[in-house]
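So this one's my_file_5.cif, mmCIF, C-alpha atoms and all ligand atoms:
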```cif
data_final
#
loop_
_atom_site.label_atom_id
_atom_site.label_comp_id
_atom_site.auth_asym_id
_atom_site.auth_seq_id
_atom_site.Cartn_x
_atom_site.Cartn_y
_atom_site.Cartn_z
CA MET A 8 24.99 34.86 -59.51
CA VAL A 9 24.15 38.19 -57.98
CA VAL A 10 25.82 40.25 -55.27
CA ASN A 11 22.85 41.95 -53.65
CA ALA A 12 24.78 43.91 -51.05
CA ILE A 13 28.19 44.35 -49.55
CA HIS A 14 29.26 45.58 -46.13
CA LEU A 15 32.83 46.62 -45.50
CA GLU A 16 34.63 47.61 -42.32
CA ASN A 17 38.19 48.95 -42.53
CA PHE A 18 38.73 47.42 -45.96
CA ARG A 19 41.28 49.53 -47.93
CA ASN A 20 40.05 53.15 -47.77
CA TYR A 21 36.55 52.20 -46.59
CA SER A 22 36.05 52.62 -42.85
CA ALA A 23 32.42 51.56 -43.16
CA LEU A 24 30.40 50.95 -46.29
CA ASN A 25 26.96 49.48 -46.84
CA ALA A 26 26.06 49.24 -50.52
CA GLN A 27 23.13 47.65 -52.31
CA PHE A 28 23.45 46.56 -55.91
CA CYS A 29 21.03 45.81 -58.71
CA PRO A 30 21.06 42.48 -60.58
CA GLY A 31 22.00 44.14 -63.91
CA ILE A 32 24.53 46.87 -64.63
CA ASN A 33 26.09 48.73 -61.69
CA VAL A 34 28.27 51.66 -62.65
CA ILE A 35 30.66 52.95 -60.01
CA THR A 36 31.93 56.46 -60.64
CA GLY A 37 34.16 58.87 -58.83
CA ASP A 38 37.38 60.79 -59.20
CA ASN A 39 40.77 59.11 -59.10
CA ALA A 40 41.80 57.47 -55.83
CA GLN A 41 38.34 57.51 -54.23
CA GLY A 42 37.89 53.73 -53.89
CA LYS A 43 36.34 52.41 -57.12
CA THR A 44 38.88 49.68 -57.74
CA ASN A 45 38.91 48.90 -54.02
CA LEU A 46 35.20 48.14 -54.20
CA LEU A 47 35.64 45.74 -57.14
CA GLU A 48 38.55 44.17 -55.30
CA ALA A 49 36.29 43.58 -52.27
CA ILE A 50 33.69 41.83 -54.44
CA ALA A 51 36.35 39.70 -56.15
CA TYR A 52 37.90 38.88 -52.79
CA LEU A 53 34.64 37.32 -51.59
CA SER A 54 34.80 34.81 -54.42
CA ALA A 55 38.12 33.14 -53.60
CA CYS A 56 39.86 35.18 -50.85
CA ARG A 57 42.36 36.32 -53.46
CA SER A 58 43.12 39.79 -54.71
CA HIS A 59 44.47 40.60 -58.15
CA ARG A 60 46.73 43.31 -56.78
CA ALA A 61 47.51 42.61 -53.12
CA ARG A 62 50.37 40.29 -52.27
CA ALA A 63 49.30 39.95 -48.65
CA ASP A 64 45.95 40.19 -46.89
CA SER A 65 47.39 42.84 -44.58
CA GLU A 66 47.46 45.30 -47.51
CA LEU A 67 43.67 45.10 -47.56
CA ILE A 68 43.25 46.34 -43.99
CA ARG A 69 42.79 50.08 -43.62
CA PHE A 70 46.05 51.81 -42.77
CA GLU A 71 45.16 52.82 -39.19
CA ALA A 72 43.17 49.68 -38.38
CA GLN A 73 44.05 46.27 -36.95
CA ARG A 74 41.13 44.33 -38.43
CA ALA A 75 38.94 44.36 -41.50
CA ARG A 76 35.60 42.74 -42.22
CA LEU A 77 33.85 42.01 -45.52
CA GLU A 78 30.34 40.70 -45.82
CA GLY A 79 28.46 39.91 -48.99
CA GLU A 80 24.81 39.01 -49.57
CA ILE A 81 24.86 36.70 -52.54
CA PHE A 82 22.26 34.86 -54.54
CA SER A 83 23.71 31.80 -56.21
CA ARG A 84 22.48 28.32 -57.20
CA ASN A 85 18.94 29.42 -56.29
CA ARG A 86 19.89 30.11 -52.69
CA ASP A 87 20.88 33.06 -50.54
CA PHE A 88 24.35 33.11 -49.08
CA ARG A 89 25.80 35.45 -46.52
CA LEU A 90 29.57 35.28 -46.86
CA GLU A 91 31.73 36.87 -44.23
CA VAL A 92 35.51 37.25 -44.11
CA ARG A 93 37.51 38.73 -41.25
CA LEU A 94 41.11 39.80 -41.63
CA GLY A 95 43.52 40.84 -38.89
CA ARG A 96 47.14 41.87 -38.74
CA GLY A 97 49.26 38.91 -37.71
CA ILE A 98 46.33 36.50 -37.49
CA ARG A 99 44.81 34.06 -39.97
CA ARG A 100 41.77 35.06 -41.97
CA GLN A 101 38.42 33.64 -40.89
CA MET A 102 35.51 32.85 -43.19
CA TRP A 103 31.84 32.06 -42.72
CA SER A 104 29.07 31.03 -45.06
CA ASN A 105 25.59 31.53 -43.62
CA GLY A 106 27.11 31.59 -40.15
CA VAL A 107 28.99 28.31 -40.59
CA ARG A 108 32.73 28.65 -40.17
CA LEU A 109 34.69 27.51 -43.25
CA LYS A 110 37.90 25.57 -42.77
CA ASN A 111 39.61 26.70 -45.98
CA THR A 112 39.08 28.77 -49.10
CA GLY A 113 38.29 25.56 -51.01
CA GLU A 114 34.95 25.44 -49.20
CA LEU A 115 34.17 28.87 -50.59
CA THR A 116 34.71 27.84 -54.20
CA GLY A 117 31.79 28.15 -56.53
CA ILE A 118 29.48 30.20 -54.30
CA LEU A 119 30.48 33.43 -55.99
CA LYS A 120 32.33 33.32 -59.29
CA THR A 121 33.73 36.53 -60.71
CA VAL A 122 35.44 37.49 -63.94
CA LEU A 123 37.60 40.55 -63.39
CA PHE A 124 38.96 42.69 -66.18
CA CYS A 125 41.47 45.37 -65.21
CA PRO A 126 43.29 47.92 -67.39
CA GLU A 127 46.39 45.69 -67.69
CA ASP A 128 44.20 43.00 -69.28
CA LEU A 129 43.38 45.37 -72.12
CA ASP A 130 46.89 44.71 -73.40
CA LEU A 131 46.44 40.94 -73.40
CA ILE A 132 46.80 40.68 -77.15
CA ARG A 133 49.84 42.94 -77.47
CA ALA A 134 51.57 41.24 -74.53
CA GLY A 135 53.79 38.17 -74.76
CA ALA A 136 52.44 34.66 -75.22
CA ALA A 137 52.88 33.98 -71.50
CA GLU A 138 50.09 36.44 -70.71
CA ARG A 139 47.71 34.70 -73.11
CA ARG A 140 48.58 31.31 -71.63
CA LYS A 141 47.80 32.81 -68.23
CA PHE A 142 44.39 33.92 -69.49
CA LEU A 143 43.66 30.45 -70.89
CA ASP A 144 44.95 28.66 -67.79
CA GLY A 145 43.03 30.90 -65.38
CA ALA A 146 39.76 30.21 -67.17
CA ILE A 147 40.24 26.47 -67.70
CA CYS A 148 41.36 25.95 -64.09
CA GLN A 149 38.06 27.37 -62.90
CA LEU A 150 36.10 25.15 -65.27
CA ARG A 151 38.04 21.88 -64.93
CA PRO A 152 39.80 21.02 -61.65
CA ARG A 153 41.62 18.17 -63.43
CA TYR A 154 43.28 20.69 -65.72
CA GLY A 155 44.75 22.58 -62.76
CA ALA A 156 46.34 19.38 -61.49
CA ALA A 157 47.77 18.45 -64.91
CA LEU A 158 49.13 21.95 -65.46
CA ALA A 159 50.82 22.07 -62.05
CA GLU A 160 52.40 18.67 -62.71
CA TYR A 161 53.60 19.75 -66.15
CA LYS A 162 55.19 22.91 -64.74
CA ARG A 163 56.95 20.92 -62.04
CA LEU A 164 58.36 18.42 -64.58
CA LEU A 165 59.41 21.24 -66.89
CA GLU A 166 61.34 22.94 -64.10
CA GLN A 167 63.19 19.71 -63.31
CA LYS A 168 63.90 18.88 -66.94
CA ARG A 169 65.29 22.39 -67.42
CA ARG A 170 67.69 21.73 -64.58
CA ILE A 171 68.77 18.40 -66.07
CA LEU A 172 69.42 19.98 -69.48
CA ARG A 173 71.32 22.84 -67.90
CA ASP A 174 73.56 20.69 -65.70
CA TRP A 175 74.13 17.49 -67.69
CA PRO A 176 77.55 18.36 -69.21
CA GLU A 177 78.93 18.72 -65.67
CA LYS A 178 76.97 15.75 -64.37
CA PRO A 179 76.26 13.24 -67.20
CA SER A 180 74.54 10.77 -64.84
CA LEU A 181 71.56 13.17 -64.86
CA LEU A 182 70.78 11.95 -68.37
CA ASP A 183 69.56 8.65 -66.90
CA LEU A 184 66.53 10.56 -65.61
CA LEU A 185 65.70 12.25 -68.88
CA GLU A 186 63.67 9.44 -70.48
CA ASP A 187 61.33 9.27 -67.53
CA TYR A 188 60.82 13.05 -67.50
CA ASN A 189 60.17 13.07 -71.25
CA LEU A 190 57.56 10.35 -70.89
CA ARG A 191 55.71 12.07 -68.07
CA MET A 192 55.89 15.46 -69.78
CA CYS A 193 54.34 13.97 -72.90
CA GLN A 194 51.53 12.45 -70.80
CA THR A 195 50.64 15.61 -68.86
CA GLY A 196 51.46 17.84 -71.85
CA ALA A 197 48.95 15.94 -73.99
CA LEU A 198 46.24 16.61 -71.39
CA VAL A 199 47.13 20.30 -71.23
CA ILE A 200 46.95 20.62 -75.03
CA HIS A 201 43.68 18.68 -75.17
CA TYR A 202 41.97 20.95 -72.63
CA ARG A 203 43.34 24.15 -74.14
CA ALA A 204 42.21 23.13 -77.62
CA HIS A 205 38.66 22.48 -76.44
CA PHE A 206 38.50 25.74 -74.52
CA ILE A 207 39.78 27.71 -77.54
CA GLN A 208 37.21 25.95 -79.71
CA LYS A 209 34.49 27.24 -77.36
CA LEU A 210 36.03 30.73 -77.31
CA ASN A 211 35.94 30.66 -81.08
CA GLN A 212 32.23 29.85 -80.97
CA CYS A 213 31.39 32.80 -78.67
CA ALA A 214 33.92 35.58 -79.19
CA PRO A 215 33.38 36.44 -82.89
CA ALA A 216 29.71 37.30 -82.40
CA ILE A 217 30.53 39.50 -79.40
CA HIS A 218 33.28 41.23 -81.29
CA ALA A 219 31.07 41.75 -84.33
CA SER A 220 28.48 43.56 -82.19
CA PHE A 221 31.22 45.68 -80.65
CA SER A 222 32.38 46.82 -84.07
CA ASN A 223 28.98 47.11 -85.72
CA GLY A 224 29.66 44.05 -87.85
CA ARG A 225 32.80 45.52 -89.39
CA GLU A 226 35.31 43.27 -87.72
CA ASN A 227 35.57 39.54 -88.06
CA LEU A 228 37.44 38.06 -85.11
CA GLU A 229 39.10 34.65 -85.41
CA LEU A 230 41.07 32.65 -82.89
CA ALA A 231 43.53 29.87 -83.45
CA TYR A 232 45.50 27.64 -81.15
CA GLN A 233 49.23 27.45 -81.80
CA THR A 234 50.90 24.48 -80.18
CA VAL A 235 53.62 21.89 -80.84
CA LYS A 236 54.03 21.52 -84.61
CA THR A 237 53.74 17.74 -84.80
CA VAL A 238 50.34 17.78 -83.11
CA THR A 239 48.14 17.54 -86.18
CA ASP A 240 44.81 17.91 -84.39
CA PRO A 241 44.89 19.41 -80.87
CA LEU A 242 41.21 18.42 -80.47
CA ALA A 243 42.11 14.74 -80.83
CA PRO A 244 41.98 12.43 -77.78
CA ALA A 245 44.88 12.97 -75.35
CA GLN A 246 46.27 9.52 -76.25
CA THR A 247 46.79 10.55 -79.89
CA ILE A 248 48.45 13.82 -78.86
CA PHE A 249 50.65 11.87 -76.46
CA THR A 250 52.05 9.72 -79.28
CA GLN A 251 52.74 12.77 -81.43
CA LEU A 252 54.49 14.57 -78.57
CA GLN A 253 56.65 11.53 -77.91
CA ASP A 254 57.61 11.40 -81.54
CA HIS A 255 58.49 15.08 -81.46
CA MET A 256 60.55 14.76 -78.31
CA ALA A 257 62.52 11.80 -79.65
CA ARG A 258 63.39 13.73 -82.79
CA HIS A 259 64.52 16.79 -80.85
CA ARG A 260 66.42 14.96 -78.16
CA GLN A 261 69.84 15.77 -79.57
CA ALA A 262 68.97 19.38 -80.29
CA GLU A 263 67.71 19.83 -76.70
CA LEU A 264 70.93 18.40 -75.28
CA GLU A 265 72.96 20.78 -77.41
CA ALA A 266 70.83 23.82 -76.69
CA ARG A 267 70.64 22.79 -73.01
CA SER A 268 67.02 23.91 -72.86
CA CYS A 269 63.49 22.56 -73.42
CA LEU A 270 62.80 23.51 -77.00
CA SER A 271 59.13 22.77 -77.46
CA GLY A 272 56.00 21.81 -75.62
CA PRO A 273 52.77 23.40 -74.39
CA HIS A 274 54.87 25.82 -72.33
CA LYS A 275 55.37 27.67 -75.62
CA ASP A 276 51.69 27.63 -76.69
CA ASP A 277 49.97 30.75 -77.91
CA LEU A 278 46.50 31.97 -78.75
CA LEU A 279 46.51 33.68 -82.14
CA VAL A 280 43.99 36.45 -82.66
CA ASP A 281 43.06 37.77 -86.10
CA ILE A 282 40.69 40.50 -87.21
CA ASN A 283 39.59 40.35 -90.83
CA ALA A 284 42.21 37.67 -91.46
CA ARG A 285 45.15 39.75 -90.18
CA SER A 286 47.01 39.39 -86.92
CA VAL A 287 45.67 41.90 -84.39
CA ARG A 288 48.96 41.80 -82.59
CA THR A 289 50.82 43.03 -85.66
CA TYR A 290 48.27 45.22 -87.40
CA GLY A 291 45.53 46.05 -84.90
CA SER A 292 44.87 49.57 -83.66
CA GLN A 293 44.90 50.35 -79.96
CA GLY A 294 41.11 50.25 -79.79
CA GLN A 295 40.88 47.05 -81.82
CA THR A 296 43.34 45.14 -79.65
CA ARG A 297 41.56 46.32 -76.54
CA THR A 298 38.13 45.45 -77.83
CA ALA A 299 39.38 42.03 -78.90
CA ALA A 300 40.71 41.43 -75.37
CA LEU A 301 37.34 42.43 -73.94
CA SER A 302 35.57 40.12 -76.41
CA LEU A 303 37.68 37.22 -75.13
CA GLU A 304 36.76 38.05 -71.54
CA LEU A 305 33.05 38.29 -72.38
CA ALA A 306 33.29 35.00 -74.27
CA GLN A 307 34.80 33.40 -71.18
CA ARG A 308 31.74 34.57 -69.28
CA GLU A 309 29.47 32.84 -71.82
CA ILE A 310 31.44 29.61 -71.46
CA PHE A 311 31.04 29.77 -67.67
CA TYR A 312 27.33 30.26 -68.20
CA ASP A 313 27.09 27.16 -70.40
CA ASN A 314 29.00 25.21 -67.81
CA ASP A 315 27.31 26.41 -64.60
CA GLY A 316 23.86 27.46 -65.77
CA GLU A 317 24.41 30.95 -64.36
CA TYR A 318 26.58 33.92 -65.21
CA PRO A 319 29.59 34.81 -63.09
CA VAL A 320 29.66 38.39 -61.82
CA LEU A 321 31.56 40.53 -64.31
CA LEU A 322 33.87 43.19 -62.89
CA LEU A 323 35.14 45.73 -65.43
CA ASP A 324 37.65 48.18 -64.02
CA ASP A 325 38.27 51.34 -65.97
CA VAL A 326 37.76 50.01 -69.47
CA LEU A 327 35.46 52.69 -70.91
CA SER A 328 38.00 55.48 -71.28
CA GLU A 329 39.97 53.45 -73.80
CA LEU A 330 37.05 52.84 -76.15
CA ASP A 331 35.21 54.96 -78.69
CA GLN A 332 31.60 55.95 -78.14
CA ARG A 333 30.06 53.01 -79.92
CA ARG A 334 32.16 50.50 -78.04
CA GLN A 335 31.42 52.26 -74.75
CA GLU A 336 27.74 52.10 -75.51
CA PHE A 337 28.10 48.37 -76.16
CA VAL A 338 29.76 47.79 -72.78
CA LEU A 339 27.14 49.83 -70.96
CA ASN A 340 24.03 48.46 -72.63
CA ARG A 341 24.62 45.35 -74.67
CA ILE A 342 26.10 42.91 -72.19
CA GLN A 343 23.10 40.66 -71.79
CA GLY A 344 22.27 38.63 -68.70
CA GLY A 345 24.15 38.46 -65.46
CA GLN A 346 25.36 41.13 -63.09
CA VAL A 347 28.03 43.59 -64.19
CA PHE A 348 30.09 46.17 -62.28
CA ILE A 349 31.80 48.89 -64.29
CA THR A 350 34.01 51.59 -62.83
CA CYS A 351 34.71 54.87 -64.57
CA CYS A 352 35.86 58.39 -63.70
CA GLU A 353 33.93 60.69 -65.98
CA SER A 354 30.22 60.62 -65.40
CA ASP A 355 29.53 62.29 -68.76
CA ARG A 356 30.16 58.91 -70.40
CA LEU A 357 27.12 57.66 -68.58
CA SER A 358 24.61 59.57 -70.68
CA ALA A 359 24.63 56.44 -72.85
CA LEU A 360 23.50 54.21 -69.97
CA GLU A 361 19.97 52.95 -70.65
CA ALA A 362 19.28 50.85 -67.56
CA GLY A 363 21.03 50.03 -64.34
CA GLN A 364 22.27 51.82 -61.28
CA VAL A 365 24.96 54.46 -60.83
CA LEU A 366 26.86 54.64 -57.53
CA ARG A 367 29.09 57.61 -56.77
CA ILE A 368 32.09 57.06 -54.54
CA GLU A 369 33.98 59.83 -52.77
CA ASN A 370 36.83 59.22 -50.39
CA GLY A 371 35.71 55.76 -49.37
CA ALA A 372 32.04 56.65 -48.96
CA LEU A 373 28.93 56.30 -51.05
CA LEU A 374 27.27 59.57 -52.07
CA GLU A 375 23.50 59.54 -51.83
CA GLY A 376 21.38 60.27 -54.90
P1 LIG A 401 41.47 55.46 -60.07
O1 LIG A 401 40.39 56.18 -60.79
O2 LIG A 401 42.72 56.26 -60.05
O3 LIG A 401 41.69 54.06 -60.55
P2 LIG A 401 40.18 54.39 -57.68
O4 LIG A 401 38.93 55.08 -57.26
O5 LIG A 401 40.03 53.11 -58.39
O6 LIG A 401 41.05 55.42 -58.51
P3 LIG A 401 41.44 52.89 -55.60
O7 LIG A 401 42.45 52.12 -56.30
O8 LIG A 401 40.18 52.19 -55.24
O9 LIG A 401 41.09 54.21 -56.40
O10 LIG A 401 42.15 53.49 -54.30
C1 LIG A 401 41.59 54.53 -53.51
C2 LIG A 401 42.54 54.91 -52.40
O11 LIG A 401 42.66 53.83 -51.47
C3 LIG A 401 43.97 55.21 -52.81
O12 LIG A 401 44.25 56.56 -52.54
C4 LIG A 401 44.83 54.33 -51.95
O13 LIG A 401 45.95 54.98 -51.45
C5 LIG A 401 43.89 53.96 -50.84
N1 LIG A 401 44.27 52.72 -50.15
C6 LIG A 401 44.77 51.59 -50.70
N2 LIG A 401 44.99 50.65 -49.76
C7 LIG A 401 44.62 51.20 -48.58
C8 LIG A 401 44.61 50.75 -47.24
N3 LIG A 401 45.03 49.52 -46.92
N4 LIG A 401 44.15 51.59 -46.28
C9 LIG A 401 43.72 52.83 -46.62
N5 LIG A 401 43.71 53.33 -47.85
C10 LIG A 401 44.15 52.53 -48.84
MG MG A 402 40.93 52.33 -60.11
#
```
Go through the file and emit its structure as C-alpha cells.
Amino acid sequence: MVVNAIHLENFRNYSALNAQFCPGINVITGDNAQGKTNLLEAIAYLSACRSHRARADSELIRFEAQRARLEGEIFSRNRDFRLEVRLGRGIRRQMWSNGVRLKNTGELTGILKTVLFCPEDLDLIRAGAAERRKFLDGAICQLRPRYGAALAEYKRLLEQKRRILRDWPEKPSLLDLLEDYNLRMCQTGALVIHYRAHFIQKLNQCAPAIHASFSNGRENLELAYQTVKTVTDPLAPAQTIFTQLQDHMARHRQAELEARSCLSGPHKDDLLVDINARSVRTYGSQGQTRTAALSLELAQREIFYDNDGEYPVLLLDDVLSELDQRRQEFVLNRIQGGQVFITCCESDRLSALEAGQVLRIENGALLEG
C-alpha cells in the first residue's frame, strides 16, 4: 500500500497542505510543534477514521475553523483509491471512496492499513502486561475479525463474572449463574489463547532476525507466550485448551469465591521478551528495550505482509532520537519493502539516509526544497 499524496484543509495546525510522497522512505523533519505528528495522524486517520491521540473528531479541526477535510491518493490492491473525509463541528463525519459515499467506517477497512509507532510504544516492554496484551490484541484484531468478536465476548463475560464474585456473599443466589459464566469463559478464552499463541509463534519467526540486524548480530531476541498454567500447549486446537481451562477453573473455584475475584485466565496473559536468554524487562538497557519494541512492530508489519500480500504503511513518530547511530541507520535504510514515514526533529541525523525523500515542515506548511 502506498499513500501517493495527501491534501488537508483545516486539519489540526494545517490550514491547507498538499504533499506528495515517495513509495519508500519519507522523512518528515521540523522543529517541535510544527505539525510532524499531525501529519502522521492525518495519514493514520484515513485508514480507519480513528486517531491514536484524539478522543473526539472535533479536536482534529483547526482551532478557528468549523470544518476540516482530508483527502488521500492511495494505491492499494493494485488499484487507485481517492479517499476523502469531511469533519464538521456538531455534525457527523462523511466519507467517500472514489467519489462513492461510504455508509460507515467498516466500508473503509482494508483500503489503507497503517502500523503506527509513537514514543509511548517504545516503552512497551517495560510497561505492564496490559500494554503488551493491547499490542497483541490490536494486531490480531486487524488480521482475524473472528478474534475481535471472541475477545469482546470474553471481556464482557469477565466483567459480569467479576461482579458475581464481588457480590455473592451479599446475594448468594448469584452463584447459580457462575457455572454458565465459567463454561462460556472457557470456550471464548480457549479461542483467545489459540489465536494469541499462533500470532506469537509468527512474531517469533520474524522478530529475532529483525532484532539481530538492529544490533549487528549481537543480540538474540526470543519471545514466549505466558498464559494459564494448566494449558500445556497453547498452539493446540481450541477444543483441547477448552478442556484444560475447564479443569483449571474447577480446581480454583473455591479459591475464587474466597478471593472474590477472577484469579486466572487469558486476561492475565503476557508476552515475555528475552535478549540473550535474559528478560529484557528486568535486565535490558533503555536502548535495548526500545529496539526490541521496534522489532516487534516491524515483525507485525511482516506478518501483515504475509497475510495481505502487501505491506501496510509504517508510521514511525519520533523514534530516532532514542537510538544510537547504528540503530538509527537501520531504521533509515534497512527497512525493506513498503512505504515508511519517519518524523524527527534534528536534520543532522539524516546524513545517514541513503534513499528516500525528506519533507520539512514549518508551522503547518511544507517548505520547498
Ligand atoms: P514535536 O516535535 O514536539 O513532537 P510536532 O511537529 O510533532 O512536534 P504536532 O504534535 O504535530 O507537533 O503539533 C503541532 C501543533 O499543532 C501544536 O503546537 C499544537 O498545539 C497544534 N494543534 C493541535 N491541534 C490543533 C488544532 N485542532 N488546531 C490548530 N492547531 C492544533
Ligand atoms: Mg510530534
Go ahead and compute the interatomic distance for CA of Leu270 in chain A and CA of Arg153 in chain A, in Å to one decimal.
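Separating CA of Leu270 in chain A from CA of Arg153 in chain A is a distance of 25.7 Å.
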Quick one: contact table of chain A to ligand LIG 401 (chain A), 8 Å max, nearest atom pair and distance in Å to one decimal per residue, counting only C-alpha atoms and all ligand atoms, chain and number order, as CSV?
```
residue,atom,partner,partner_atom,distance
A:Asn17,CA,A:LIG401,N4,7.5
A:Phe18,CA,A:LIG401,N3,6.7
A:Arg19,CA,A:LIG401,C8,3.6
A:Asn20,CA,A:LIG401,N5,3.7
A:Tyr21,CA,A:LIG401,C9,7.2
A:Thr36,CA,A:LIG401,O4,7.9
A:Gly37,CA,A:LIG401,O4,6.3
A:Asp38,CA,A:LIG401,O1,5.7
A:Asn39,CA,A:LIG401,O1,3.4
A:Ala40,CA,A:LIG401,O9,3.4
A:Gln41,CA,A:LIG401,O4,3.9
A:Gly42,CA,A:LIG401,O8,3.1
A:Lys43,CA,A:LIG401,O4,3.7
A:Thr44,CA,A:LIG401,O5,3.7
A:Asn45,CA,A:LIG401,O8,3.7
A:Leu46,CA,A:LIG401,O8,6.5
A:Ser65,CA,A:LIG401,N3,7.5
A:Glu66,CA,A:LIG401,N3,4.9
A:Leu67,CA,A:LIG401,N3,4.7
A:Ile68,CA,A:LIG401,N3,4.7
A:Arg69,CA,A:LIG401,N4,3.3
A:Phe70,CA,A:LIG401,N4,4.0
A:Glu71,CA,A:LIG401,N4,7.3
A:Asp324,CA,A:LIG401,O5,7.9
A:Asp325,CA,A:LIG401,O3,7.0
A:Thr350,CA,A:LIG401,O5,7.6
A:Cys351,CA,A:LIG401,O1,6.9
A:Cys352,CA,A:LIG401,O1,5.8
A:Ile368,CA,A:LIG401,O4,7.6
A:Asn370,CA,A:LIG401,C1,7.4
A:Gly371,CA,A:LIG401,C1,7.3
```
For C-alpha atoms, I'd like the residues from the last selection saved as a short mmCIF file (atom, residue, chain, number, x, y, z; two decimals), in the coordinates of the input.
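As written to disk, again.cif reads:
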```
data_model
loop_
_atom_site.label_atom_id
_atom_site.label_comp_id
_atom_site.auth_asym_id
_atom_site.auth_seq_id
_atom_site.Cartn_x
_atom_site.Cartn_y
_atom_site.Cartn_z
CA ASN A 17 38.19 48.95 -42.53
CA PHE A 18 38.73 47.42 -45.96
CA ARG A 19 41.28 49.53 -47.93
CA ASN A 20 40.05 53.15 -47.77
CA TYR A 21 36.55 52.20 -46.59
CA THR A 36 31.93 56.46 -60.64
CA GLY A 37 34.16 58.87 -58.83
CA ASP A 38 37.38 60.79 -59.20
CA ASN A 39 40.77 59.11 -59.10
CA ALA A 40 41.80 57.47 -55.83
CA GLN A 41 38.34 57.51 -54.23
CA GLY A 42 37.89 53.73 -53.89
CA LYS A 43 36.34 52.41 -57.12
CA THR A 44 38.88 49.68 -57.74
CA ASN A 45 38.91 48.90 -54.02
CA LEU A 46 35.20 48.14 -54.20
CA SER A 65 47.39 42.84 -44.58
CA GLU A 66 47.46 45.30 -47.51
CA LEU A 67 43.67 45.10 -47.56
CA ILE A 68 43.25 46.34 -43.99
CA ARG A 69 42.79 50.08 -43.62
CA PHE A 70 46.05 51.81 -42.77
CA GLU A 71 45.16 52.82 -39.19
CA ASP A 324 37.65 48.18 -64.02
CA ASP A 325 38.27 51.34 -65.97
CA THR A 350 34.01 51.59 -62.83
CA CYS A 351 34.71 54.87 -64.57
CA CYS A 352 35.86 58.39 -63.70
CA ILE A 368 32.09 57.06 -54.54
CA ASN A 370 36.83 59.22 -50.39
CA GLY A 371 35.71 55.76 -49.37
#
```
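Here CA of Ser104 in chain A stands at a distance of 20.9 Å from CA of Ala23 in chain A.
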Within-9 Å shell of (32.4, 47.0, -46.3) in input frame, only C-alpha atoms, as a PyMOL selection string
chain A and resi 13-18+21-26+46+49+75-79
Taking only C-alpha atoms into account, which of A:Ala159, A:Val235, A:Ile217, A:Leu366 comes nearest Leu305 in chain A?
A:Ile217
Which residue of A:Leu47, A:Glu114, A:Ala219, A:His255 approaches ligand MG 402 (chain A) most closely, using all atoms listed in the file:
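Of A:Leu47, A:Glu114, A:Ala219, A:His255, the one nearest ligand MG 402 (chain A), counting all atoms listed in the file, is A:Leu47.
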Have a look at A:Ala266, A:Ile132, A:Tyr154, A:Lys178 and name the one nearest to Gln295 in chain A; count all atoms listed in the file.
A:Ile132
Residues at most 6 Å from Glu80 in chain A, counting all atoms listed in the file, excluding those fewer than 4 positions away in the same chain, as a ChimeraX atom specification?
/A:10-12,88-89
Spatial neighbours of range 199-215 of chain A, 6 Å, all atoms listed in the file, chain gap at least 4 places, as a PyMOL selection string
chain A and resi 219+228+230+241-242+245+302-303+306
Saved selection, atoms kept: C-alpha atoms, as an mmCIF file, in the coordinates of the input:
```cif
data_model
loop_
_atom_site.group_PDB
_atom_site.id
_atom_site.type_symbol
_atom_site.label_atom_id
_atom_site.label_comp_id
_atom_site.auth_asym_id
_atom_site.auth_seq_id
_atom_site.Cartn_x
_atom_site.Cartn_y
_atom_site.Cartn_z
ATOM 1 C CA ALA A 219 31.070 41.750 -84.330
ATOM 2 C CA LEU A 228 37.440 38.060 -85.110
ATOM 3 C CA LEU A 230 41.070 32.650 -82.890
ATOM 4 C CA PRO A 241 44.890 19.410 -80.870
ATOM 5 C CA LEU A 242 41.210 18.420 -80.470
ATOM 6 C CA ALA A 245 44.880 12.970 -75.350
ATOM 7 C CA SER A 302 35.570 40.120 -76.410
ATOM 8 C CA LEU A 303 37.680 37.220 -75.130
ATOM 9 C CA ALA A 306 33.290 35.000 -74.270
#
```
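For the pair CA of Gly345 in chain A and CA of Ile32 in chain A, the interatomic distance is 8.5 Å.
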Residues at most 12 Å from Asp254 in chain A, counting all atoms listed in the file, excluding those fewer than 3 positions away in the same chain, as an NGL selection string?
:A and (189-190 or 193 or 235-238 or 247-251 or 257-260)
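With only C-alpha atoms and all ligand atoms as the basis for measurement, A:Cys125 is the residue among A:Leu164, A:Cys125, A:Leu357, A:Leu373 that approaches ligand MG 402 (chain A) most closely.
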Go through A:Glu265, A:Asp174, A:Lys110, A:Ser271 and flag the residue nearest Gly196 in chain A, using all atoms listed in the file for the distances.
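Going through A:Glu265, A:Asp174, A:Lys110, A:Ser271 one by one, the smallest distance to Gly196 in chain A is for A:Ser271.
Using all atoms listed in the file, the shortest contact distance between ligand MG 402 (chain A) and any of A:Tyr290, A:Pro126, A:Ala197, A:His59 is found at A:Pro126.
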